[in-house]
Each structure stands twice: as structure tokens, then as C-alpha cells.
Amino acid sequence: VRERSKAQTDSLRVADVGVKLTVASPTAFTGLGNLMIITQTGTSVPATATANDGLMTNITDDNTKSAFKTYASLDALAKDYQSTTSVYKKAAAYFDQENASDRISVMSYASGKVEDSLRAFWNQDWTFAIWDGNGSTDTASSNLADQATAATLFEAQEDHILVLQREQASEFSSMTKGNDYTVGCVHSLSEQMDAALVGACASLTVGSITWKFKKLNDVSPEDLTAGQVTAITAAHCIAYANVHGRAQTTEGTVLSGEYIDEIHGEMWVKVNLEANLESLLQSNPKVPYDATGIAMIQGVVTSTLQVATDQGIVLANDNGKGDFAVSSTPRSAQSATDLSSRRYAGCTFRYTPSGAVHTVEVNGVVDSTTVREK
């Protein structure tokens with residue numbers, strides 16, 4: 001059993017409800033799909049786009065002087081970033097995917113301020129992030145250090161996903177092992193596979209897809225040997241290659257080896273449980289600290305997990321029922337401290353992820369009509 005959820009004493013979320021997930025595995029917001037491009041531009045943040053152009057959000061952090069902007073279209077972003085810039089190319093690849101969101105954000109940060117800048121804008125409307133410079137031969141070593149710093153924050157917070165791109169799987173070896181919230185794309189840096197991957201997959205209904213087998217517009221499949229694909233997969237990275245004559249993403253995992261759809265599903269459960277329980281607290285005159293109130297809390301958890309089952313996040317068993325369980329302890333079982341502070345911590349749940357089929361093996365028997373001599 002491996003516990004993924006860490007004690008979050010440094011949570012960046014502001015809420016009255018906390019949901020902690022513990023993932024048991026064998027030994028051995030919107031659609032939660034909006035994208036943010038991270039770029040180091042210092043204090044010279046482009047400022048041409050206006051609300052009339054499609055600039056949806058424009059926030060500057062006084063402490064770091066970093067900026068967060070959200071654009072409703074590629075044309076709006078082009079007011080600030082010319083077509084020759086990496087930011088524009090990333091955004092163009094994102095918007096050219098069939099399932100891209102209706103917006104894209106850019107966070108501009110000053111040198112040495114990447115973590116503080118991310119913290120400042122963590123609760124804005126984005127879930128996935130990519131870098132405008134991929135971090136290989138075209139990127140300064142300081143940018144690589146910033147990416148490692150950012151990945152550490154993503155792992156600590158457990159509610160956003162960082163997607164990075166390199167030309168070789170070995171270039172991810174310096175990243176922290178076991179990253180559940182960092183995705184590694186292996187592809188030529190001349191094309192924007194990271195942006196395309198997010199655009200193709202992230203905004204679809206959480207639980208409805210796996211991230212393997214996906215077609216990416218504006219990305220050329222690379223001719224990889226079976227050995228190369230095996231090495232990339234062993235590093236828990238994703239490539240884009242021809243498989244049986246069809247271009248597809250080769251896997252759908254984060255750097256720890258967990259599947260992106262399961263991580264995304266856990267994020268959906270956590271975010272929606274928090275939102276639904278917060279709504280319960282806000283929409284009732286009071287939720288009584290008794291059997292009735294506890295039943296109300298358990299009902300919200302149960303209904304949320306049922307929706308997760310309907311979406312394909314939670315496994316439906318052979319009877320069509322969601323493979324999840326919710327339980328709660330009575331008021332009498334709560335500590336004096338919790339009762340005094342009006343905190344209820346007696347509700348627990350578990351579920352089995354739905355998963356997806358990634359490989360198939362079929363055994364067959366041929367009834368030959370040829371008589372062979374003994």
C-alpha cells in the first residue's frame with residue numbers, strides 16, 4: 001500500500017473543506033483541463049492585448065511583479081506574443097487540437113521567482129501547465145532549475161499537473177523520482193507536443209478517456225524502434241509514434257508510472273467533493289452536528305462518487321454499481337477537540353479506479369486440414 005497524499009501544511013487552497021486521498025496499490029473545475037504557459041520574461045510583460053481583443057484576466061502580483069493573463073483565443077494572445085515566439089507556438093498547437101478549451105493563460109515570472117509566482121496564481125482557472133522553453137538544448141540551465149522547482153511544488157500541492165517536453169527520455173532522470181503530477185513528453189523540440197497533448201485530452205470529460213492512442217494535430221509521429229519505445233515507456237514518458245501505420249501517443253502515464261487519467265480522476269473527485277461539501281455548508285441554515293447532519297455529509301460524498309462512476313472515473317462492477325464505499329462515525333466517536341471546534345472528521349470513503357485497456361493478448365487455435373506424416 002502506498003500513500004500518495006502527503007500532509008499538506010502548506011496548502012494553497014482557501015476552503016472550509018479538506019479532502020485527503022490515500023491510494024492503495026499492489027506492492028512491486030470546469031473540466032479541469034485549462035492550460036497555463038509558464039514563461040520567464042522578467043518585468044517586461046507584454047501589455048498590448050485588451051478586453052476588447054479577448055483578454056479575459058490580467059493580474060499582476062505586487063510581491064514578485066509576475067503577471068497572469070488569460071486569453072479567449074489565439075488572436076487575442078497574438079496581440080501580446082508575436083508568431084515567432086515560443087509562447088505563441090505553444091498556444092497555436094494547443095488551439096489546433098479538436099478538444100482545446102476556450103481559453104489559455106500565460107504566467108510571466110522574473111528570474112528566481114518561479115515558485116513565488118506560481119503560488120500567487122495557483123488558484124486561478126488553470127489545471128495543466130507547460131513551459132514556453134522546453135528545457136533541453138534551447139534552454140538555459142537556470143530554466144531547467146526553475147522547472148525542477150516548479151515540479152516540486154506541483155507534487156506538494158497535488159491538484160495541478162505539469163507537462164514537460166525533452167528530446168530524450170534520459171533528460172528526465174534529474175527529475176524527482178515518483179512524480180505523480182509531472183508528465184514527460186519525449187519529442188523533437190521543433191514541435192509542441194506538450195501543448196498538443198493537453199489540448200487533445202485535458203478538457204474532455206474526466207474519466208471518459210485514456211491518454212494513450214491519441215492523435216495530435218501539428219505533431220509529426222517519429223520513427224522509433226521497438227527498443228526506443230520500450231525505453232521511453234520504461235522511463236514512464238510519452239512519445240508520439242506510428243503504431244501499425246497510425247500516429248498515436250505511446251502511453252498515458254505521469255513520471256511515477258501512474259496513469260494520467262487516474263490522477264486526473266482523483267483530482268476531479270477531490271475538487272468536486274470539496275465544492276459539493278462547501279455548497280452543503282453554505283446553502284443550509286446549519287448542518288447540525290448530529291446523526292442528521294452526518295447523514296447529509298455522507299449523502300454528498302456518496303452522490304459525488306456516483307457521478308464519478310457515471311463519468312468512468314470509478315469502476316462499475318459486474319452489476320453496474322460503482323465500486324466505492326462511504327462510511328461515517330457518529331458524533332459520540334468524535335474527539336472533544338473536534339466537537340469544540342465544530343470540525344467533523346468521521347467520514348471516509350474508498351473507490352476503485354475504472355482504468356482502461358492498453359494492451360490486448362488473444363490466444364487462438366488453428367484447426368489445420370493438412371495431414372502431416374509422422
# chains A, B, ... in the order shown; residues from 1 in each chain; ligands from 1
>>> residues_around(residues="A:Asn179", least_positions_apart="4", cutoff="8 Å", atoms="only C-alpha atoms", output="ChimeraX atom specification")
/A:155,254-256
>>> write_last_selection(atoms="all heavy atoms", output="short mmCIF file (atom, residue, chain, number, x, y, z; two decimals), in the first residue's frame")
data_model
loop_
_atom_site.label_atom_id
_atom_site.label_comp_id
_atom_site.auth_asym_id
_atom_site.auth_seq_id
_atom_site.Cartn_x
_atom_site.Cartn_y
_atom_site.Cartn_z
N GLU A 155 4.06 18.59 -7.02
CA GLU A 155 3.94 17.35 -6.26
C GLU A 155 3.41 17.61 -4.86
O GLU A 155 2.64 16.82 -4.31
CB GLU A 155 5.30 16.65 -6.19
CG GLU A 155 5.84 16.19 -7.52
CD GLU A 155 4.89 15.27 -8.27
OE1 GLU A 155 4.37 14.31 -7.64
OE2 GLU A 155 4.66 15.48 -9.47
N VAL A 254 2.13 9.52 -15.95
CA VAL A 254 2.97 10.54 -15.34
C VAL A 254 4.32 9.89 -15.03
O VAL A 254 4.50 8.69 -15.24
CB VAL A 254 2.33 11.11 -14.06
CG1 VAL A 254 1.04 11.84 -14.39
CG2 VAL A 254 2.04 9.98 -13.06
N LEU A 255 5.29 10.68 -14.54
CA LEU A 255 6.65 10.17 -14.37
C LEU A 255 6.76 9.07 -13.31
O LEU A 255 7.74 8.33 -13.29
CB LEU A 255 7.61 11.31 -14.03
CG LEU A 255 7.91 12.28 -15.18
CD1 LEU A 255 8.86 13.38 -14.72
CD2 LEU A 255 8.51 11.53 -16.38
N SER A 256 5.77 8.94 -12.44
CA SER A 256 5.81 7.87 -11.44
C SER A 256 5.38 6.53 -12.03
O SER A 256 5.61 5.48 -11.43
CB SER A 256 4.89 8.21 -10.27
OG SER A 256 3.53 8.18 -10.70
#
>>> select_by_dssp(residues="stretch 304-350 of chain A", states="alpha helix (DSSP H)", output="VMD selection string")
chain A and resid 304 to 311 336 to 341
>>> closest_residue(among="A:Thr253, A:Thr230, A:Gln282, A:Gln82", to="A:Tyr181", atoms="only C-alpha atoms")
A:Thr253
>>> closest_atom_pairs(of="stretch 87-149 of chain A", to="stretch 36-56 of chain A", cutoff="6 Å", atoms="only C-alpha atoms", output="tab-separated table")
residue	atom	partner	partner_atom	distance
A:Ser105	CA	A:Met36	CA	4.4
A:Val106	CA	A:Ile37	CA	4.7
A:Met107	CA	A:Ile38	CA	5.0
A:Ser108	CA	A:Thr39	CA	5.0
A:Tyr109	CA	A:Gln40	CA	5.0
A:Ala110	CA	A:Gly42	CA	3.7
A:Ala129	CA	A:Met36	CA	4.7
A:Ile130	CA	A:Ile37	CA	5.1
A:Trp131	CA	A:Ile38	CA	4.8
A:Asp132	CA	A:Thr39	CA	5.5
>>> write_last_selection(atoms="C-alpha atoms", output="PDB file, in the first residue's frame")
ATOM      1  CA  SER A 105      -3.355  31.502 -19.742  1.00  0.00           C
ATOM      2  CA  VAL A 106       0.216  32.773 -19.579  1.00  0.00           C
ATOM      3  CA  MET A 107       2.186  33.311 -16.382  1.00  0.00           C
ATOM      4  CA  SER A 108       5.203  35.604 -16.763  1.00  0.00           C
ATOM      5  CA  TYR A 109       7.737  35.478 -13.952  1.00  0.00           C
ATOM      6  CA  ALA A 110      11.015  37.201 -13.089  1.00  0.00           C
ATOM      7  CA  ALA A 129       0.917  23.901 -17.154  1.00  0.00           C
ATOM      8  CA  ILE A 130       3.674  23.757 -19.770  1.00  0.00           C
ATOM      9  CA  TRP A 131       6.896  25.736 -20.274  1.00  0.00           C
ATOM     10  CA  ASP A 132       7.474  28.073 -23.205  1.00  0.00           C
TER      11      ASP A 132
END
>>> select_by_dssp(residues="stretch 241-349 of chain A", states="strand (DSSP E)", output="list of chain:residue names")
A:Ala241, A:Asn242, A:Val243, A:Arg246, A:Ala247, A:Gln248, A:Thr249, A:Phe324, A:Ala325, A:Val326, A:Ser327, A:Ser328, A:Cys347, A:Thr348, A:Phe349
>>> write_last_selection(atoms="N, CA, C and O atoms", output="PDB file, in the first residue's frame")
ATOM      1  N   ALA A 241       4.317   8.335 -31.992  1.00  0.00           N
ATOM      2  CA  ALA A 241       4.934   7.446 -32.981  1.00  0.00           C
ATOM      3  C   ALA A 241       3.877   6.763 -33.830  1.00  0.00           C
ATOM      4  O   ALA A 241       2.678   6.778 -33.508  1.00  0.00           O
ATOM      5  N   ASN A 242       4.344   6.160 -34.928  1.00  0.00           N
ATOM      6  CA  ASN A 242       3.466   5.358 -35.775  1.00  0.00           C
ATOM      7  C   ASN A 242       3.380   3.954 -35.202  1.00  0.00           C
ATOM      8  O   ASN A 242       4.401   3.285 -34.995  1.00  0.00           O
ATOM      9  N   VAL A 243       2.175   3.500 -34.929  1.00  0.00           N
ATOM     10  CA  VAL A 243       1.938   2.152 -34.441  1.00  0.00           C
ATOM     11  C   VAL A 243       0.947   1.489 -35.389  1.00  0.00           C
ATOM     12  O   VAL A 243      -0.191   1.945 -35.522  1.00  0.00           O
ATOM     13  N   ARG A 246      -0.530   3.997 -37.821  1.00  0.00           N
ATOM     14  CA  ARG A 246      -1.349   5.100 -37.317  1.00  0.00           C
ATOM     15  C   ARG A 246      -0.576   5.870 -36.254  1.00  0.00           C
ATOM     16  O   ARG A 246       0.011   5.277 -35.348  1.00  0.00           O
ATOM     17  N   ALA A 247      -0.588   7.187 -36.378  1.00  0.00           N
ATOM     18  CA  ALA A 247       0.099   8.026 -35.398  1.00  0.00           C
ATOM     19  C   ALA A 247      -0.679   8.040 -34.087  1.00  0.00           C
ATOM     20  O   ALA A 247      -1.897   8.216 -34.089  1.00  0.00           O
ATOM     21  N   GLN A 248       0.036   7.882 -32.964  1.00  0.00           N
ATOM     22  CA  GLN A 248      -0.632   7.876 -31.665  1.00  0.00           C
ATOM     23  C   GLN A 248       0.361   8.182 -30.557  1.00  0.00           C
ATOM     24  O   GLN A 248       1.566   8.037 -30.712  1.00  0.00           O
ATOM     25  N   THR A 249      -0.169   8.641 -29.423  1.00  0.00           N
ATOM     26  CA  THR A 249       0.647   8.749 -28.231  1.00  0.00           C
ATOM     27  C   THR A 249       0.918   7.335 -27.721  1.00  0.00           C
ATOM     28  O   THR A 249       0.032   6.482 -27.722  1.00  0.00           O
ATOM     29  N   PHE A 324     -17.378   1.577  -4.923  1.00  0.00           N
ATOM     30  CA  PHE A 324     -16.939   2.518  -3.893  1.00  0.00           C
ATOM     31  C   PHE A 324     -17.735   2.273  -2.621  1.00  0.00           C
ATOM     32  O   PHE A 324     -18.796   1.631  -2.644  1.00  0.00           O
ATOM     33  N   ALA A 325     -17.212   2.765  -1.526  1.00  0.00           N
ATOM     34  CA  ALA A 325     -17.888   2.632  -0.241  1.00  0.00           C
ATOM     35  C   ALA A 325     -17.675   3.899   0.570  1.00  0.00           C
ATOM     36  O   ALA A 325     -16.601   4.502   0.514  1.00  0.00           O
ATOM     37  N   VAL A 326     -18.695   4.323   1.285  1.00  0.00           N
ATOM     38  CA  VAL A 326     -18.637   5.518   2.118  1.00  0.00           C
ATOM     39  C   VAL A 326     -19.120   5.135   3.514  1.00  0.00           C
ATOM     40  O   VAL A 326     -20.113   4.426   3.662  1.00  0.00           O
ATOM     41  N   SER A 327     -18.415   5.578   4.528  1.00  0.00           N
ATOM     42  CA  SER A 327     -18.835   5.305   5.897  1.00  0.00           C
ATOM     43  C   SER A 327     -18.603   6.536   6.758  1.00  0.00           C
ATOM     44  O   SER A 327     -17.817   7.414   6.411  1.00  0.00           O
ATOM     45  N   SER A 328     -19.311   6.599   7.868  1.00  0.00           N
ATOM     46  CA  SER A 328     -19.144   7.727   8.784  1.00  0.00           C
ATOM     47  C   SER A 328     -19.342   7.259  10.211  1.00  0.00           C
ATOM     48  O   SER A 328     -20.088   6.305  10.470  1.00  0.00           O
ATOM     49  N   CYS A 347     -15.970  11.031   8.312  1.00  0.00           N
ATOM     50  CA  CYS A 347     -16.446  10.435   7.055  1.00  0.00           C
ATOM     51  C   CYS A 347     -15.257   9.954   6.227  1.00  0.00           C
ATOM     52  O   CYS A 347     -14.289  10.693   6.009  1.00  0.00           O
ATOM     53  N   THR A 348     -15.315   8.727   5.779  1.00  0.00           N
ATOM     54  CA  THR A 348     -14.263   8.154   4.947  1.00  0.00           C
ATOM     55  C   THR A 348     -14.876   7.471   3.730  1.00  0.00           C
ATOM     56  O   THR A 348     -16.050   7.085   3.741  1.00  0.00           O
ATOM     57  N   PHE A 349     -14.062   7.325   2.703  1.00  0.00           N
ATOM     58  CA  PHE A 349     -14.522   6.619   1.507  1.00  0.00           C
ATOM     59  C   PHE A 349     -13.345   5.931   0.833  1.00  0.00           C
ATOM     60  O   PHE A 349     -12.182   6.258   1.082  1.00  0.00           O
TER      61      PHE A 349
END
>>> residues_around(residues="A:Thr182", least_positions_apart="5", cutoff="10 Å", atoms="only C-alpha atoms", output="ChimeraX atom specification")
/A:128-129,150-152,154-155,160-164,175-176,237,253-256,260
>>> residues_around(residues="A:Ile263", least_positions_apart="4", cutoff="9 Å", atoms="only C-alpha atoms", output="list in words")
Asp180, Tyr181, Val254, Glu258, Tyr259, Met267 and Trp268 of chain A
>>> write_last_selection(atoms="all heavy atoms", output="mmCIF file, in the first residue's frame")
data_model
loop_
_atom_site.group_PDB
_atom_site.id
_atom_site.type_symbol
_atom_site.label_atom_id
_atom_site.label_comp_id
_atom_site.auth_asym_id
_atom_site.auth_seq_id
_atom_site.Cartn_x
_atom_site.Cartn_y
_atom_site.Cartn_z
ATOM 1 N N ASP A 180 3.994 12.154 -9.330
ATOM 2 C CA ASP A 180 2.635 11.820 -9.742
ATOM 3 C C ASP A 180 1.974 12.954 -10.520
ATOM 4 O O ASP A 180 0.946 12.729 -11.160
ATOM 5 C CB ASP A 180 1.771 11.528 -8.509
ATOM 6 C CG ASP A 180 2.052 10.152 -7.926
ATOM 7 O OD1 ASP A 180 2.337 9.228 -8.698
ATOM 8 O OD2 ASP A 180 1.991 10.016 -6.692
ATOM 9 N N TYR A 181 2.525 14.166 -10.443
ATOM 10 C CA TYR A 181 1.875 15.322 -11.051
ATOM 11 C C TYR A 181 2.773 15.996 -12.085
ATOM 12 O O TYR A 181 2.625 17.177 -12.363
ATOM 13 C CB TYR A 181 1.451 16.309 -9.946
ATOM 14 C CG TYR A 181 0.411 15.690 -9.043
ATOM 15 C CD1 TYR A 181 0.787 14.914 -7.954
ATOM 16 C CD2 TYR A 181 -0.951 15.817 -9.313
ATOM 17 C CE1 TYR A 181 -0.157 14.290 -7.157
ATOM 18 C CE2 TYR A 181 -1.898 15.201 -8.521
ATOM 19 C CZ TYR A 181 -1.502 14.440 -7.451
ATOM 20 O OH TYR A 181 -2.453 13.810 -6.664
ATOM 21 N N VAL A 254 2.131 9.517 -15.950
ATOM 22 C CA VAL A 254 2.973 10.537 -15.341
ATOM 23 C C VAL A 254 4.320 9.890 -15.030
ATOM 24 O O VAL A 254 4.503 8.687 -15.236
ATOM 25 C CB VAL A 254 2.326 11.106 -14.060
ATOM 26 C CG1 VAL A 254 1.040 11.842 -14.387
ATOM 27 C CG2 VAL A 254 2.043 9.979 -13.059
ATOM 28 N N GLU A 258 2.094 6.044 -12.719
ATOM 29 C CA GLU A 258 0.638 6.072 -12.614
ATOM 30 C C GLU A 258 0.051 6.622 -13.912
ATOM 31 O O GLU A 258 0.709 7.351 -14.656
ATOM 32 C CB GLU A 258 0.206 6.968 -11.439
ATOM 33 C CG GLU A 258 0.469 6.359 -10.068
ATOM 34 C CD GLU A 258 -0.616 5.385 -9.655
ATOM 35 O OE1 GLU A 258 -1.469 5.046 -10.492
ATOM 36 O OE2 GLU A 258 -0.590 4.958 -8.479
ATOM 37 N N TYR A 259 -1.200 6.298 -14.179
ATOM 38 C CA TYR A 259 -1.836 6.771 -15.403
ATOM 39 C C TYR A 259 -2.459 8.155 -15.198
ATOM 40 O O TYR A 259 -3.047 8.437 -14.158
ATOM 41 C CB TYR A 259 -2.884 5.765 -15.873
ATOM 42 C CG TYR A 259 -2.250 4.481 -16.362
ATOM 43 C CD1 TYR A 259 -2.182 3.360 -15.544
ATOM 44 C CD2 TYR A 259 -1.664 4.416 -17.632
ATOM 45 C CE1 TYR A 259 -1.564 2.197 -15.975
ATOM 46 C CE2 TYR A 259 -1.054 3.259 -18.070
ATOM 47 C CZ TYR A 259 -0.994 2.152 -17.249
ATOM 48 O OH TYR A 259 -0.362 1.023 -17.677
ATOM 49 N N MET A 267 -8.101 14.004 -8.909
ATOM 50 C CA MET A 267 -8.241 15.444 -8.774
ATOM 51 C C MET A 267 -9.705 15.847 -8.905
ATOM 52 O O MET A 267 -10.195 16.698 -8.165
ATOM 53 C CB MET A 267 -7.380 16.153 -9.822
ATOM 54 C CG MET A 267 -5.887 16.026 -9.568
ATOM 55 S SD MET A 267 -4.868 16.509 -10.991
ATOM 56 C CE MET A 267 -5.413 18.183 -11.255
ATOM 57 N N TRP A 268 -10.408 15.224 -9.858
ATOM 58 C CA TRP A 268 -11.838 15.531 -10.044
ATOM 59 C C TRP A 268 -12.615 15.191 -8.777
ATOM 60 O O TRP A 268 -13.449 15.990 -8.316
ATOM 61 C CB TRP A 268 -12.395 14.740 -11.230
ATOM 62 C CG TRP A 268 -13.814 15.098 -11.574
ATOM 63 C CD1 TRP A 268 -14.244 15.963 -12.530
ATOM 64 C CD2 TRP A 268 -15.009 14.594 -10.930
ATOM 65 N NE1 TRP A 268 -15.618 16.049 -12.522
ATOM 66 C CE2 TRP A 268 -16.116 15.221 -11.560
ATOM 67 C CE3 TRP A 268 -15.243 13.692 -9.912
ATOM 68 C CZ2 TRP A 268 -17.430 14.962 -11.185
ATOM 69 C CZ3 TRP A 268 -16.557 13.435 -9.513
ATOM 70 C CH2 TRP A 268 -17.634 14.062 -10.163
#
>>> closest_residue(among="A:Thr292, A:Ser190, A:Asn99, A:Asn276", to="A:Thr304", atoms="only C-alpha atoms")
A:Asn276
